[in-house]
Amino acid sequence: MTLAEKVVRNANQVTRGDIETLQGHGFTEEQILDIILTAASRSFFSTVTDAIGFQPAGAWLKQTEDTLGTDSFRVLMVGRSYEADQSAR
């Protein structure tokens, strides 16, 4: 998740060392590219939904957080904060 978070928040700071760290954990270059593409795609999608004012259903947010786990959910939930709408969750 460290690389995914770095891609989302500071993509210009991803280094060869970040890639080598994942390779040291057994990830292939293709798997690392998948991580980067997924994080970047999610960030792009969040930017678009923020710009158009999209509000996801509280039930969807809860299900997604339950599926991903809270830590992963928070890393991937970039952009507008939906936590203020606790009543919908």
# chains A, B, ... in the order shown; residues from 1 in each chain; ligands from 1
call {"tool": "residues_around", "arguments": {"residues": "segment 4-10 of chain A", "least_positions_apart": "3", "cutoff": "6 Å", "atoms": "only C-alpha atoms", "output": "number ranges by chain"}}
result
A: 1, 13, 39, 43, 75
call {"tool": "select_by_dssp", "arguments": {"residues": "chain A", "states": "alpha helix (DSSP H)", "output": "number ranges by chain"}}
result
A: 2-10, 16-24, 29-52, 58-68, 70-76
call {"tool": "atom_distance", "arguments": {"atom1": "atom CA of Thr2 of chain A", "atom2": "atom CA of Ser41 of chain A"}}
result
16.2 Å
call {"tool": "atom_distance", "arguments": {"atom1": "atom CA of Ile52 of chain A", "atom2": "atom CA of Leu3 of chain A"}}
result
27.7 Å
call {"tool": "atom_distance", "arguments": {"atom1": "atom CA of Met77 of chain A", "atom2": "atom CA of Ser46 of chain A"}}
result
7.7 Å
call {"tool": "decode", "arguments": {"residues": "segment 36-59 of chain A", "atoms": "N, CA and C atoms", "output": "mmCIF file, in the first residue's frame"}}
result
data_model
loop_
_atom_site.group_PDB
_atom_site.id
_atom_site.type_symbol
_atom_site.label_atom_id
_atom_site.label_comp_id
_atom_site.auth_asym_id
_atom_site.auth_seq_id
_atom_site.Cartn_x
_atom_site.Cartn_y
_atom_site.Cartn_z
ATOM 1 N N ILE A 36 0.646 0.382 -9.761
ATOM 2 C CA ILE A 36 0.747 1.791 -10.139
ATOM 3 C C ILE A 36 -0.456 2.217 -10.982
ATOM 4 N N LEU A 37 -0.819 1.411 -11.961
ATOM 5 C CA LEU A 37 -1.957 1.750 -12.820
ATOM 6 C C LEU A 37 -3.269 1.787 -12.041
ATOM 7 N N THR A 38 -3.445 0.853 -11.131
ATOM 8 C CA THR A 38 -4.665 0.829 -10.331
ATOM 9 C C THR A 38 -4.760 2.058 -9.434
ATOM 10 N N ALA A 39 -3.677 2.395 -8.774
ATOM 11 C CA ALA A 39 -3.680 3.575 -7.896
ATOM 12 C C ALA A 39 -3.915 4.850 -8.702
ATOM 13 N N ALA A 40 -3.256 4.980 -9.835
ATOM 14 C CA ALA A 40 -3.411 6.171 -10.670
ATOM 15 C C ALA A 40 -4.826 6.258 -11.236
ATOM 16 N N SER A 41 -5.378 5.143 -11.647
ATOM 17 C CA SER A 41 -6.746 5.129 -12.174
ATOM 18 C C SER A 41 -7.742 5.531 -11.109
ATOM 19 N N ARG A 42 -7.538 5.018 -9.910
ATOM 20 C CA ARG A 42 -8.442 5.358 -8.803
ATOM 21 C C ARG A 42 -8.343 6.849 -8.480
ATOM 22 N N SER A 43 -7.154 7.382 -8.505
ATOM 23 C CA SER A 43 -6.963 8.801 -8.246
ATOM 24 C C SER A 43 -7.647 9.638 -9.328
ATOM 25 N N PHE A 44 -7.499 9.231 -10.586
ATOM 26 C CA PHE A 44 -8.157 9.924 -11.691
ATOM 27 C C PHE A 44 -9.668 9.894 -11.502
ATOM 28 N N PHE A 45 -10.204 8.737 -11.207
ATOM 29 C CA PHE A 45 -11.648 8.595 -11.027
ATOM 30 C C PHE A 45 -12.130 9.494 -9.887
ATOM 31 N N SER A 46 -11.395 9.546 -8.786
ATOM 32 C CA SER A 46 -11.767 10.395 -7.656
ATOM 33 C C SER A 46 -11.761 11.866 -8.052
ATOM 34 N N THR A 47 -10.787 12.263 -8.857
ATOM 35 C CA THR A 47 -10.711 13.655 -9.300
ATOM 36 C C THR A 47 -11.939 14.014 -10.141
ATOM 37 N N VAL A 48 -12.327 13.132 -11.026
ATOM 38 C CA VAL A 48 -13.495 13.380 -11.870
ATOM 39 C C VAL A 48 -14.764 13.439 -11.028
ATOM 40 N N THR A 49 -14.946 12.483 -10.123
ATOM 41 C CA THR A 49 -16.168 12.485 -9.310
ATOM 42 C C THR A 49 -16.227 13.699 -8.395
ATOM 43 N N ASP A 50 -15.074 14.137 -7.888
ATOM 44 C CA ASP A 50 -15.042 15.364 -7.089
ATOM 45 C C ASP A 50 -15.471 16.567 -7.930
ATOM 46 N N ALA A 51 -14.961 16.652 -9.148
ATOM 47 C CA ALA A 51 -15.245 17.797 -10.007
ATOM 48 C C ALA A 51 -16.715 17.903 -10.379
ATOM 49 N N ILE A 52 -17.394 16.763 -10.484
ATOM 50 C CA ILE A 52 -18.813 16.807 -10.848
ATOM 51 C C ILE A 52 -19.721 16.744 -9.621
ATOM 52 N N GLY A 53 -19.127 16.663 -8.432
ATOM 53 C CA GLY A 53 -19.913 16.674 -7.201
ATOM 54 C C GLY A 53 -20.624 15.374 -6.892
ATOM 55 N N PHE A 54 -20.124 14.271 -7.424
ATOM 56 C CA PHE A 54 -20.737 12.960 -7.181
ATOM 57 C C PHE A 54 -20.673 12.601 -5.707
ATOM 58 N N GLN A 55 -21.756 12.068 -5.180
ATOM 59 C CA GLN A 55 -21.827 11.605 -3.796
ATOM 60 C C GLN A 55 -22.200 10.127 -3.791
ATOM 61 N N PRO A 56 -21.283 9.237 -3.449
ATOM 62 C CA PRO A 56 -21.621 7.816 -3.431
ATOM 63 C C PRO A 56 -22.597 7.512 -2.295
ATOM 64 N N ALA A 57 -23.375 6.476 -2.493
ATOM 65 C CA ALA A 57 -24.318 6.037 -1.459
ATOM 66 C C ALA A 57 -23.551 5.554 -0.239
ATOM 67 N N GLY A 58 -24.054 5.861 0.933
ATOM 68 C CA GLY A 58 -23.417 5.444 2.177
ATOM 69 C C GLY A 58 -23.237 3.940 2.259
ATOM 70 N N ALA A 59 -24.214 3.191 1.750
ATOM 71 C CA ALA A 59 -24.120 1.724 1.787
ATOM 72 C C ALA A 59 -22.946 1.243 0.940
#
